[in-house]
Amino acid sequence: MYLNQSNSDLTKKFTEINRNEKLTRKFVLVIEAVKTNSHNKTQYNWEADFDCGSVYAIKVDTHRFYTLQITNNNYRELFICRYGKKESQENTKKLTTTIDTIESIQIEKIEL
Amino acid sequence: MNDVTQKISIQSYIDKNRDKIDESLVSLRIMKEVDKFLDYKNLSNRDLSVKLGFSESYISQLMSGVKSVNVSFINKFEKCFATKFDFKIYLENEEIFLQRLDEKVQFNLNISFNMFFVNKERSKFSFTQNSKSMFNVTDVEYESL
């Protein structure tokens, strides 16, 4: 699992979740369920397919961590890329602005 | 909180709560089947809560693994949708198990039994026949090999 450290919204929310045990539990349950393939749409929802992989939303209460899932040598690699909520005009605008301002992407692997 | 602390907090949470997490994963395996069924029937979590008489919040907690599924839920689900949960117990290393059985026993197992497990200590195999559920086992038969 990888976390996009370039996205401040994402790292901020990720830190927030880590400080709250209930949210940490929910986040961990999603990841562990994905690892054992026992996840469901309430936890890990498919959003879209791309050439390089698929985008899923890790759902923790109202939080959404949009994640690119890539299969590499039969291993699933999760790149948590963006924090968001349900689709809305405001969110789409924010996303477009964020994409336009990206100059480089820095990714760090989280060992679990 | 720096990056190192973040990593430690998640991993330490998993290490500290391994058993609880594993319990939730058992429940989530069942809820995944429920989720597939809802997809098949084109029903939402809200629809399910209304049909079963549970709150939407409870269904959401079951789906997220915060609460564990119980036999009351399964019973209501089965009655509501005229369905039946079918539980199977698989050995961790099924190949070794099957190698120890002769062909006749394997054949009987394949056609007759929907649950079986091995008692490693006694080198005996036992199984249940026509069991109603994992938690309400009746009609138990034992066979030594």
# chains A, B, ... in the order shown; residues from 1 in each chain; ligands from 1
call {"tool": "residues_around", "arguments": {"residues": "A:Gly53", "least_positions_apart": "4", "cutoff": "8 Å", "atoms": "only C-alpha atoms", "output": "VMD selection string"}}
result
chain A and resid 49 68 to 71
call {"tool": "write_last_selection", "arguments": {"atoms": "all heavy atoms", "output": "PDB file, in the first residue's frame"}}
result
ATOM      1  N   ASP A  49     -12.389   2.019 -14.259  1.00  0.00           N
ATOM      2  CA  ASP A  49     -11.253   1.232 -14.778  1.00  0.00           C
ATOM      3  C   ASP A  49     -10.411   2.096 -15.696  1.00  0.00           C
ATOM      4  O   ASP A  49     -10.954   2.918 -16.456  1.00  0.00           O
ATOM      5  CB  ASP A  49     -11.774   0.030 -15.585  1.00  0.00           C
ATOM      6  CG  ASP A  49     -12.133  -1.138 -14.702  1.00  0.00           C
ATOM      7  OD1 ASP A  49     -11.573  -1.235 -13.591  1.00  0.00           O
ATOM      8  OD2 ASP A  49     -12.981  -1.945 -15.106  1.00  0.00           O
ATOM      9  N   LEU A  68      -5.814   3.913  -6.435  1.00  0.00           N
ATOM     10  CA  LEU A  68      -5.547   3.209  -7.696  1.00  0.00           C
ATOM     11  C   LEU A  68      -5.045   1.812  -7.360  1.00  0.00           C
ATOM     12  O   LEU A  68      -4.060   1.656  -6.629  1.00  0.00           O
ATOM     13  CB  LEU A  68      -4.488   3.977  -8.498  1.00  0.00           C
ATOM     14  CG  LEU A  68      -4.086   3.345  -9.834  1.00  0.00           C
ATOM     15  CD1 LEU A  68      -5.258   3.287 -10.797  1.00  0.00           C
ATOM     16  CD2 LEU A  68      -2.931   4.125 -10.454  1.00  0.00           C
ATOM     17  N   GLN A  69      -5.750   0.811  -7.855  1.00  0.00           N
ATOM     18  CA  GLN A  69      -5.342  -0.575  -7.593  1.00  0.00           C
ATOM     19  C   GLN A  69      -4.687  -1.147  -8.851  1.00  0.00           C
ATOM     20  O   GLN A  69      -5.286  -1.173  -9.915  1.00  0.00           O
ATOM     21  CB  GLN A  69      -6.554  -1.423  -7.209  1.00  0.00           C
ATOM     22  CG  GLN A  69      -6.189  -2.878  -6.955  1.00  0.00           C
ATOM     23  CD  GLN A  69      -7.408  -3.727  -6.611  1.00  0.00           C
ATOM     24  OE1 GLN A  69      -7.986  -3.592  -5.545  1.00  0.00           O
ATOM     25  NE2 GLN A  69      -7.810  -4.579  -7.528  1.00  0.00           N
ATOM     26  N   ILE A  70      -3.453  -1.575  -8.671  1.00  0.00           N
ATOM     27  CA  ILE A  70      -2.697  -2.132  -9.800  1.00  0.00           C
ATOM     28  C   ILE A  70      -2.286  -3.557  -9.453  1.00  0.00           C
ATOM     29  O   ILE A  70      -1.896  -3.837  -8.313  1.00  0.00           O
ATOM     30  CB  ILE A  70      -1.433  -1.283 -10.056  1.00  0.00           C
ATOM     31  CG1 ILE A  70      -1.847   0.115 -10.520  1.00  0.00           C
ATOM     32  CG2 ILE A  70      -0.529  -1.927 -11.082  1.00  0.00           C
ATOM     33  CD1 ILE A  70      -0.719   1.095 -10.583  1.00  0.00           C
ATOM     34  N   THR A  71      -2.388  -4.438 -10.417  1.00  0.00           N
ATOM     35  CA  THR A  71      -1.912  -5.805 -10.187  1.00  0.00           C
ATOM     36  C   THR A  71      -0.499  -5.929 -10.748  1.00  0.00           C
ATOM     37  O   THR A  71      -0.262  -5.637 -11.910  1.00  0.00           O
ATOM     38  CB  THR A  71      -2.846  -6.829 -10.864  1.00  0.00           C
ATOM     39  OG1 THR A  71      -4.173  -6.581 -10.405  1.00  0.00           O
ATOM     40  CG2 THR A  71      -2.448  -8.248 -10.519  1.00  0.00           C
TER      41      THR A  71
END
call {"tool": "interface_residues", "arguments": {"of": "chain A", "to": "chain B", "cutoff": "8 Å", "atoms": "only C-alpha atoms", "output": "list in words"}}
result
Thr15, Asn18, Thr24, Arg25, Lys26, Val28, Leu29, Val30, Glu32, Ala33, Ser38, His39, Asn40, Lys41, Thr42, Gln43, Ile110, Glu111 and Leu112 of chain A
call {"tool": "atom_distance", "arguments": {"atom1": "atom CA of A:Ile107", "atom2": "atom CA of A:Val55"}}
result
16.7 Å
call {"tool": "atom_distance", "arguments": {"atom1": "atom CA of A:Lys85", "atom2": "atom CA of A:Tyr66"}}
result
9.3 Å
call {"tool": "closest_residue", "arguments": {"among": "B:Cys80, B:Leu91, B:Asp15, B:Phe85", "to": "B:Gly53", "atoms": "only C-alpha atoms"}}
result
B:Cys80
call {"tool": "closest_residue", "arguments": {"among": "B:Lys67, B:Arg18, B:Lys76, B:Lys88", "to": "B:Val50", "atoms": "only C-alpha atoms"}}
result
B:Lys76
call {"tool": "atom_distance", "arguments": {"atom1": "atom CA of A:Lys12", "atom2": "atom CA of A:Val60"}}
result
14.6 Å
call {"tool": "select_by_dssp", "arguments": {"residues": "chain A", "states": "alpha helix (DSSP H)", "output": "ChimeraX atom specification"}}
result
/A:8-19,21-35,89-101
call {"tool": "residues_around", "arguments": {"residues": "stretch 88-101 of chain A", "least_positions_apart": "4", "cutoff": "12 Å", "atoms": "only C-alpha atoms", "output": "list in words"}}
result
Ser6, Asn7, Ser8, Asp9, Leu10, Arg64, Tyr66, Cys81, Arg82, Tyr83, Gly84 and Ile105 of chain A
call {"tool": "residues_around", "arguments": {"residues": "A:Glu108", "least_positions_apart": "5", "cutoff": "8 Å", "atoms": "only C-alpha atoms", "output": "PDB file with C-alpha atoms, in the first residue's frame"}}
result
ATOM      1  CA  TYR A   2       1.298   3.403  -0.968  1.00  0.00           C
ATOM      2  CA  LEU A   3       0.283   6.874   0.143  1.00  0.00           C
ATOM      3  CA  ASN A   4       0.573   9.922  -2.102  1.00  0.00           C
ATOM      4  CA  GLN A   5       2.506  12.287   0.143  1.00  0.00           C
TER       5      GLN A   5
END
call {"tool": "closest_residue", "arguments": {"among": "A:Lys109, A:Lys59, A:Asn72, A:Phe79", "to": "A:Leu23", "atoms": "only C-alpha atoms"}}
result
A:Lys59
